[in-house]
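Coordinates from upload-v4.txt are shown below (compact mmCIF, C-alpha atoms).
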# COMPACT_ATOMS: atom_id res chain seq x y z
CA MET A 190 4.88 5.32 20.19
CA PRO A 191 3.72 2.66 22.65
CA THR A 192 3.98 -1.01 21.78
CA PRO A 193 0.43 -2.30 21.19
CA SER A 194 -0.78 -4.12 24.30
CA PRO A 195 -3.48 -6.84 24.40
CA ALA A 196 -5.93 -4.12 25.50
CA HIS A 197 -4.97 -1.98 22.51
CA LEU A 198 -5.36 -4.89 20.11
CA LEU A 199 -8.72 -5.91 21.56
CA ALA A 200 -10.05 -2.37 21.15
CA LEU A 201 -8.88 -2.28 17.53
CA LEU A 202 -10.52 -5.63 16.81
CA GLU A 203 -13.74 -4.20 18.24
CA GLY A 204 -13.48 -1.33 15.76
CA GLN A 205 -12.19 1.36 18.11
CA GLY A 206 -9.30 3.66 17.15
CA LEU A 207 -9.27 2.78 13.44
CA GLY A 208 -8.27 5.51 10.99
CA VAL A 209 -7.15 6.03 7.41
CA GLU A 210 -4.79 8.32 5.54
CA TYR A 211 -5.26 8.63 1.77
CA GLN A 212 -1.95 9.35 0.02
CA PRO A 213 -2.32 10.80 -3.51
CA ILE A 214 -0.92 9.02 -6.55
CA VAL A 215 -0.04 11.84 -8.93
CA GLU A 216 0.46 11.92 -12.69
CA VAL A 217 3.86 13.50 -13.39
CA ALA A 218 2.83 15.09 -16.69
CA SER A 219 -0.28 16.88 -15.43
CA GLY A 220 0.21 17.10 -11.67
CA ASN A 221 -3.28 15.65 -11.16
CA ALA A 222 -4.07 12.86 -8.71
CA ILE A 223 -5.33 9.74 -10.51
CA GLY A 224 -6.21 8.12 -7.19
CA HIS A 225 -5.07 7.45 -3.63
CA GLU A 226 -3.48 4.69 -1.60
CA ALA A 227 -5.30 4.05 1.67
CA LEU A 228 -2.94 3.65 4.64
CA ALA A 229 -4.10 2.26 7.97
CA ARG A 230 -3.75 4.39 11.09
CA PHE A 231 -4.39 3.25 14.67
CA ARG A 232 -4.88 5.08 17.96
CA SER A 233 -5.28 3.93 21.55
CA ALA A 234 -8.16 4.94 23.82
CA ALA A 235 -5.76 7.39 25.49
CA GLY A 236 -5.18 9.13 22.17
CA CYS A 237 -1.71 7.72 21.50
CA ASN A 238 -0.82 6.78 17.92
CA LEU A 239 0.05 3.11 17.47
CA GLN A 240 2.60 2.11 14.86
CA PRO A 241 0.71 0.22 12.11
CA GLU A 242 3.59 -2.14 11.36
CA GLN A 243 3.78 -3.21 15.01
CA VAL A 244 0.02 -3.77 15.18
CA PHE A 245 -0.04 -6.04 12.15
CA CYS A 246 3.16 -7.86 13.14
CA THR A 247 1.80 -8.59 16.62
CA LEU A 248 -1.39 -10.08 15.17
CA HIS A 249 0.48 -12.42 12.81
CA ASP A 250 0.53 -14.99 15.62
CA SER A 251 -3.28 -15.01 15.53
CA PRO A 252 -4.28 -15.41 11.85
CA LEU A 253 -8.02 -15.05 12.37
CA SER A 254 -7.57 -11.87 14.44
CA LEU A 255 -5.23 -10.52 11.78
CA PHE A 256 -7.85 -11.21 9.13
CA GLN A 257 -10.59 -9.62 11.25
CA LEU A 258 -8.59 -6.38 11.57
CA GLU A 259 -7.67 -6.38 7.89
CA LEU A 260 -11.32 -6.77 6.91
CA LYS A 261 -12.43 -3.99 9.28
CA ILE A 262 -9.82 -1.53 8.07
CA LYS A 263 -10.56 -2.30 4.41
CA LYS A 264 -14.27 -1.62 4.97
CA LEU A 265 -13.39 1.73 6.56
CA GLN A 266 -10.93 2.57 3.77
CA ILE A 267 -13.61 1.96 1.16
CA LEU A 268 -16.34 3.75 3.12
CA GLN A 269 -14.33 6.95 3.68
CA ALA A 270 -12.46 7.02 0.35
CA PRO A 271 -12.28 10.16 -1.81
CA GLU A 272 -15.22 10.33 -4.15
CA SER A 273 -13.27 10.00 -7.40
CA GLY A 274 -10.17 8.29 -8.75
CA LEU A 275 -8.65 4.89 -8.12
CA LEU A 276 -8.34 3.46 -4.61
CA PHE A 277 -5.20 1.41 -3.98
CA LEU A 278 -5.58 -1.06 -1.10
CA ASN A 279 -2.65 -3.00 0.32
CA ILE A 280 -3.72 -6.52 1.35
CA ASP A 281 -1.67 -8.35 3.96
CA GLN A 282 -0.68 -11.70 2.44
CA ASP A 283 -0.92 -13.59 5.73
CA ALA A 284 -4.38 -12.16 6.34
CA PHE A 285 -5.47 -13.17 2.84
CA ALA A 286 -4.07 -16.69 3.33
CA THR A 287 -6.41 -17.27 6.28
CA PHE A 288 -9.28 -17.86 3.83
CA LEU A 289 -7.15 -19.15 0.98
CA ASP A 290 -8.78 -22.59 0.87
CA GLU A 291 -12.34 -21.35 1.28
CA VAL A 292 -14.70 -21.24 -1.69
CA ARG A 293 -15.80 -17.71 -0.78
CA HIS A 294 -13.20 -15.17 0.27
CA PRO A 295 -14.58 -12.17 2.23
CA LEU A 296 -11.90 -9.76 1.01
CA VAL A 297 -12.45 -10.67 -2.63
CA GLU A 298 -16.22 -10.31 -2.22
CA LEU A 299 -15.80 -6.94 -0.47
CA LEU A 300 -13.57 -5.45 -3.17
CA ALA A 301 -15.47 -6.97 -6.10
CA GLY A 302 -18.33 -4.55 -5.38
CA HIS A 303 -16.11 -1.50 -5.73
CA PRO A 304 -14.87 -1.05 -9.32
CA ARG A 305 -12.38 1.74 -8.50
CA THR A 306 -10.17 -0.47 -6.31
CA VAL A 307 -6.68 -1.72 -7.11
CA VAL A 308 -5.16 -4.41 -4.88
CA GLU A 309 -1.51 -3.99 -3.91
CA ILE A 310 0.63 -7.04 -3.23
CA THR A 311 3.74 -6.41 -1.16
CA GLU A 312 7.01 -7.65 -2.65
CA ASN A 313 7.83 -11.14 -1.45
CA SER A 314 10.26 -12.07 1.31
CA SER A 315 9.98 -15.86 0.87
CA ILE A 316 8.80 -18.55 -1.54
CA SER A 317 5.64 -19.02 0.51
CA ASP A 318 4.87 -15.29 0.12
CA ALA A 319 5.24 -15.67 -3.64
CA GLN A 320 2.82 -18.59 -3.63
CA VAL A 321 0.22 -16.55 -1.72
CA SER A 322 0.79 -13.61 -4.10
CA ILE A 323 0.09 -15.85 -7.10
CA ALA A 324 -3.06 -17.12 -5.39
CA MET A 325 -4.14 -13.52 -4.77
CA LEU A 326 -3.61 -12.70 -8.43
CA GLY A 327 -5.87 -15.60 -9.33
CA ARG A 328 -8.68 -14.78 -6.91
CA PHE A 329 -8.75 -11.00 -7.37
CA GLY A 330 -8.04 -11.30 -11.10
CA SER A 331 -11.02 -13.61 -11.53
CA ALA A 332 -13.14 -10.90 -9.90
CA GLY A 333 -11.86 -8.33 -12.41
CA ILE A 334 -9.85 -6.36 -9.84
CA PRO A 335 -6.59 -4.74 -11.11
CA MET A 336 -3.40 -5.60 -9.23
CA ALA A 337 -0.25 -3.70 -8.28
CA LEU A 338 3.10 -5.03 -7.07
CA ASP A 339 4.37 -2.87 -4.20
CA ASP A 340 7.90 -2.18 -2.90
CA ILE A 341 9.77 -3.38 -5.99
CA GLY A 342 13.47 -3.05 -5.25
CA ALA A 343 13.20 -2.71 -1.47
CA HIS A 344 16.39 -3.93 0.20
CA ASP A 345 14.68 -6.81 2.05
CA SER A 346 12.45 -8.13 -0.74
CA LEU A 347 12.54 -10.75 -3.48
CA VAL A 348 11.06 -10.61 -6.97
CA SER A 349 8.68 -13.26 -8.29
CA LEU A 350 8.76 -13.12 -12.08
CA ASP A 351 5.30 -14.69 -12.27
CA VAL A 352 3.87 -11.93 -10.09
CA LEU A 353 5.83 -9.21 -11.89
CA ALA A 354 4.47 -10.35 -15.24
CA ARG A 355 0.82 -10.51 -14.20
CA VAL A 356 0.20 -7.25 -12.31
CA ASP A 357 -1.11 -4.04 -13.87
CA TYR A 358 0.95 -1.55 -11.83
CA LEU A 359 4.61 -1.61 -10.77
CA LYS A 360 5.28 0.40 -7.60
CA LEU A 361 8.98 1.16 -7.16
CA ALA A 362 10.23 1.31 -3.57
CA ARG A 363 11.69 4.58 -2.31
CA ASP A 364 15.03 2.75 -2.09
CA TRP A 365 15.60 3.58 -5.78
CA LEU A 366 15.95 7.25 -4.90
CA ASN A 367 19.23 6.47 -3.11
CA ARG A 368 20.62 3.57 -5.11
CA LEU A 369 21.19 4.88 -8.64
CA SER A 370 24.92 5.60 -8.23
CA GLY A 371 26.11 1.98 -8.41
CA PRO A 372 27.33 0.36 -11.65
CA HIS A 373 24.30 -1.93 -11.96
CA ASP A 374 21.45 0.02 -10.36
CA ARG A 375 20.59 2.41 -13.16
CA PRO A 376 20.69 -0.25 -15.92
CA LEU A 377 18.49 -2.47 -13.77
CA LEU A 378 15.96 0.31 -13.23
CA HIS A 379 15.93 1.17 -16.94
CA SER A 380 15.29 -2.50 -17.71
CA LEU A 381 12.30 -2.52 -15.35
CA LEU A 382 10.93 0.65 -16.91
CA ASP A 383 11.42 -0.73 -20.42
CA PHE A 384 9.64 -3.94 -19.41
CA ALA A 385 6.74 -1.88 -18.05
CA ARG A 386 6.45 0.16 -21.26
CA GLN A 387 6.56 -2.89 -23.51
CA SER A 388 3.99 -4.79 -21.43
CA GLY A 389 1.61 -1.87 -20.91
CA LYS A 390 2.06 -1.57 -17.14
CA ALA A 391 1.87 1.72 -15.26
CA VAL A 392 4.82 2.62 -13.00
CA VAL A 393 4.55 4.47 -9.68
CA LEU A 394 7.64 5.82 -7.89
CA GLU A 395 7.06 5.86 -4.13
CA GLY A 396 8.74 8.01 -1.49
CA VAL A 397 8.74 11.24 -3.50
CA GLU A 398 9.33 13.96 -0.91
CA THR A 399 11.20 16.74 -2.71
CA ALA A 400 11.07 18.65 -5.97
CA GLU A 401 14.32 16.91 -6.96
CA HIS A 402 12.68 13.51 -6.51
CA LEU A 403 9.91 14.67 -8.83
CA ARG A 404 12.42 15.91 -11.41
CA LEU A 405 14.19 12.53 -11.27
CA ALA A 406 10.91 10.73 -11.96
CA ARG A 407 10.32 13.02 -14.93
CA ARG A 408 13.83 12.41 -16.32
CA LEU A 409 13.36 8.66 -15.99
CA GLY A 410 10.04 8.79 -17.80
CA ILE A 411 8.08 7.48 -14.82
CA GLY A 412 4.40 8.32 -15.23
CA LEU A 413 3.12 8.31 -11.63
CA VAL A 414 4.55 9.33 -8.25
CA GLN A 415 3.53 9.08 -4.62
CA GLY A 416 4.94 10.50 -1.40
CA TYR A 417 4.89 13.27 1.20
CA LEU A 418 5.60 15.95 -1.39
CA PHE A 419 1.83 15.80 -1.92
CA ARG A 420 -0.72 16.55 0.80
CA PRO A 421 -2.80 13.51 1.76
CA ALA A 422 -6.57 13.58 1.66
CA SER A 423 -7.03 12.43 5.22
CA CYS A 424 -9.94 10.80 6.95
CA LYS A 425 -8.88 10.05 10.47
CA PHE A 426 -10.70 7.69 12.76
CA GLY A 427 -14.03 7.54 11.00
CA ARG A 428 -14.56 11.26 10.36
CA ARG A 429 -13.77 13.29 7.30
CA ARG A 430 -11.27 16.09 7.78
CA PRO A 431 -10.37 18.85 5.33
CA ILE A 432 -6.96 18.65 3.70
CA ALA A 433 -4.45 20.47 5.90
CA ARG A 434 -2.85 23.63 4.52
CA ASN A 435 0.54 22.78 6.00
CA ARG A 436 2.78 19.84 5.19
CA PRO A 437 1.42 16.79 7.03
CA ARG A 438 3.25 15.17 9.90
CA ARG A 439 5.02 11.95 9.01
CA TRP A 440 3.42 8.72 10.06
CA PRO A 441 5.25 5.39 10.39
CA ASP A 442 5.22 3.49 7.11
CA ALA A 443 2.35 1.00 6.95
CA THR A 444 2.61 -0.06 3.33
CA ARG A 445 4.37 -3.34 3.96
CA HIS A 446 1.89 -4.63 6.48
CA GLY A 447 -1.69 -4.44 5.33
CA GLY A 448 -1.74 -0.64 5.26

Final structure tokens representation of the file:
Amino acid sequence: MPTPSPAHLLALLEGQGLGVEYQPIVEVASGNAIGHEALARFRSAAGCNLQPEQVFCTLHDSPLSLFQLELKIKKLQILQAPESGLLFLNIDQDAFATFLDEVRHPLVELLAGHPRTVVEITENSSISDAQVSIAMLGRFGSAGIPMALDDIGAHDSLVSLDVLARVDYLKLARDWLNRLSGPHDRPLLHSLLDFARQSGKAVVLEGVETAEHLRLARRLGIGLVQGYLFRPASCKFGRRRPIARNRPRRWPDATRHGG
């Protein structure tokens, strides 16, 4: 995939080439989708797919532009969302911080009008990230918007206990699917799951791609799963498309950067 050029970024900021993929979040017990996570997708004027992570990372040097793109993609994600179920939206912390000191926050006001939304906070990589996450919990929480903590247990993330305690959903990173053989990994995961049960938080295991992954979630007592084992309800580039009959092509992961 091409590296996003200034021309690519300008077109995206003008609202061109924006798309969404809606990944189901499925209840293990029933097999029914309780909602979807909206993932950002980008395409150049020439029809080339642009890697979402690279797009958001490039714009981090221009906070207002980053916020502008985040706001545009969130409006599209809400507009084209499936008609029922929860809608999980990942908010880029740096984009949110652009309006952190303002009395009115456009993202909070946008989501407050849509009662089915759940805001995902990406696991922290620094103390400053944790501080922004806590501020997000305050602003969105005051608006009555449920919160989820994303990528728990990812190899490059840190855990803020304050954030962990205050969210409504715990989303376990796909890393757990490959790290349960060590002497401390399984007890740590069981402790997280026990904490979730005792505190009334729902748990979502991400990265579920095979029937064995699904069986593992069932054995662990995890209630919700998400991943490419389940066909996404896709709405690409502003137009609704029927769900494909075949397994979808893999897209680059966008969940850690405003997806």

Self-check item: Spatial neighbours of Pro335 in chain A, max dist 9 Å, all atoms listed in the file, sep filter under 6 positions, as a list in words
Solution: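 That gives Thr306, Val307, Val308, Glu309, Leu326, Phe329, Val356, Asp357 and Tyr358 of chain A.
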
Practice problem: Measure the distance from CA of Val297 in chain A to CA of Met325 in chain A in Å and round it to one decimal. | Solution: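 Going from CA of Val297 in chain A over to CA of Met325 in chain A, I get 9.0 Å.
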
Practice problem: Record the distance separating CA of Gly236 in chain A and CA of Leu207 in chain A, expressed in Å with one decimal. | Solution: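 These atoms are spaced 11.5 Å apart.
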
Quiz item: Using all atoms listed in the file, which residue out of A:Leu418, A:Ala332, A:Leu228, A:Ala354 lies closest to Leu300 in chain A?
Solution: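 The answer is A:Ala332, which sits nearest to Leu300 in chain A.
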
Quiz prompt | Shell around Ala286 in chain A at 12 Å using only C-alpha atoms, local window under 5 positions removed, as a ChimeraX atom specification | solution = /A:249,252-253,255-256,259,280-281,291,294-297,317-325,328

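Coordinates place CA of Leu409 in chain A at a distance of 10.3 Å from CA of Leu394 in chain A.
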
Would you pick out the contacts of Leu276 in chain A at 12 Å or less, using all atoms listed in the file, so that residues sharing its chain but fewer than 2 positions from it are not included, and give the list as a compact mmCIF listing (two decimals) with C-alpha atoms, in the frame of the given file?
# COMPACT_ATOMS: atom_id res chain seq x y z
CA GLU A 210 -4.79 8.32 5.54
CA TYR A 211 -5.26 8.63 1.77
CA GLN A 212 -1.95 9.35 0.02
CA PRO A 213 -2.32 10.80 -3.51
CA ILE A 214 -0.92 9.02 -6.55
CA ALA A 222 -4.07 12.86 -8.71
CA ILE A 223 -5.33 9.74 -10.51
CA GLY A 224 -6.21 8.12 -7.19
CA HIS A 225 -5.07 7.45 -3.63
CA GLU A 226 -3.48 4.69 -1.60
CA ALA A 227 -5.30 4.05 1.67
CA LEU A 228 -2.94 3.65 4.64
CA LYS A 263 -10.56 -2.30 4.41
CA GLN A 266 -10.93 2.57 3.77
CA ILE A 267 -13.61 1.96 1.16
CA LEU A 268 -16.34 3.75 3.12
CA GLN A 269 -14.33 6.95 3.68
CA ALA A 270 -12.46 7.02 0.35
CA PRO A 271 -12.28 10.16 -1.81
CA GLU A 272 -15.22 10.33 -4.15
CA SER A 273 -13.27 10.00 -7.40
CA GLY A 274 -10.17 8.29 -8.75
CA LEU A 278 -5.58 -1.06 -1.10
CA ASN A 279 -2.65 -3.00 0.32
CA LEU A 300 -13.57 -5.45 -3.17
CA HIS A 303 -16.11 -1.50 -5.73
CA PRO A 304 -14.87 -1.05 -9.32
CA ARG A 305 -12.38 1.74 -8.50
CA THR A 306 -10.17 -0.47 -6.31
CA VAL A 307 -6.68 -1.72 -7.11
CA VAL A 308 -5.16 -4.41 -4.88
CA GLU A 309 -1.51 -3.99 -3.91
CA ILE A 334 -9.85 -6.36 -9.84
CA PRO A 335 -6.59 -4.74 -11.11
CA MET A 336 -3.40 -5.60 -9.23
CA ALA A 337 -0.25 -3.70 -8.28

Exercise. Identify, on the basis of all atoms listed in the file, every residue whose closest approach to Gln243 in chain A does not exceed 8 Å; exclude the query and any residue fewer than 4 positions from it along the same chain; express the result as an NGL selection string.
Key: :A and (192-193 or 239 or 247)

Quiz prompt | Among listed residues A:Leu202, A:Leu265, A:Met190, A:Leu369, nearest Gln240 in chain A (using only C-alpha atoms) | solution =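 Selected residue with least distance to Gln240 in chain A: A:Met190.
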
Could you give me, as a tab-separated table, every range 379-420 of chain A residue with an atom at most 8 Å from range 359-368 of chain A, plus its closest atom pair and distance in Å to one decimal, counting only C-alpha atoms, rows ordered by chain then number?
residue	atom	partner	partner_atom	distance
A:Ala385	CA	A:Leu359	CA	7.6
A:Lys390	CA	A:Leu359	CA	6.9
A:Ala391	CA	A:Leu359	CA	6.2
A:Val392	CA	A:Leu359	CA	4.8
A:Val393	CA	A:Lys360	CA	4.6
A:Leu394	CA	A:Leu361	CA	4.9
A:Glu395	CA	A:Arg363	CA	5.1
A:Gly396	CA	A:Arg363	CA	4.6
A:Val397	CA	A:Arg363	CA	7.4
A:His402	CA	A:Leu366	CA	7.2

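When only C-alpha atoms are used to compute distances to Cys237 in chain A, the closest of the residues A:Arg386, A:His197, A:His373, A:Arg355 turns out to be A:His197.
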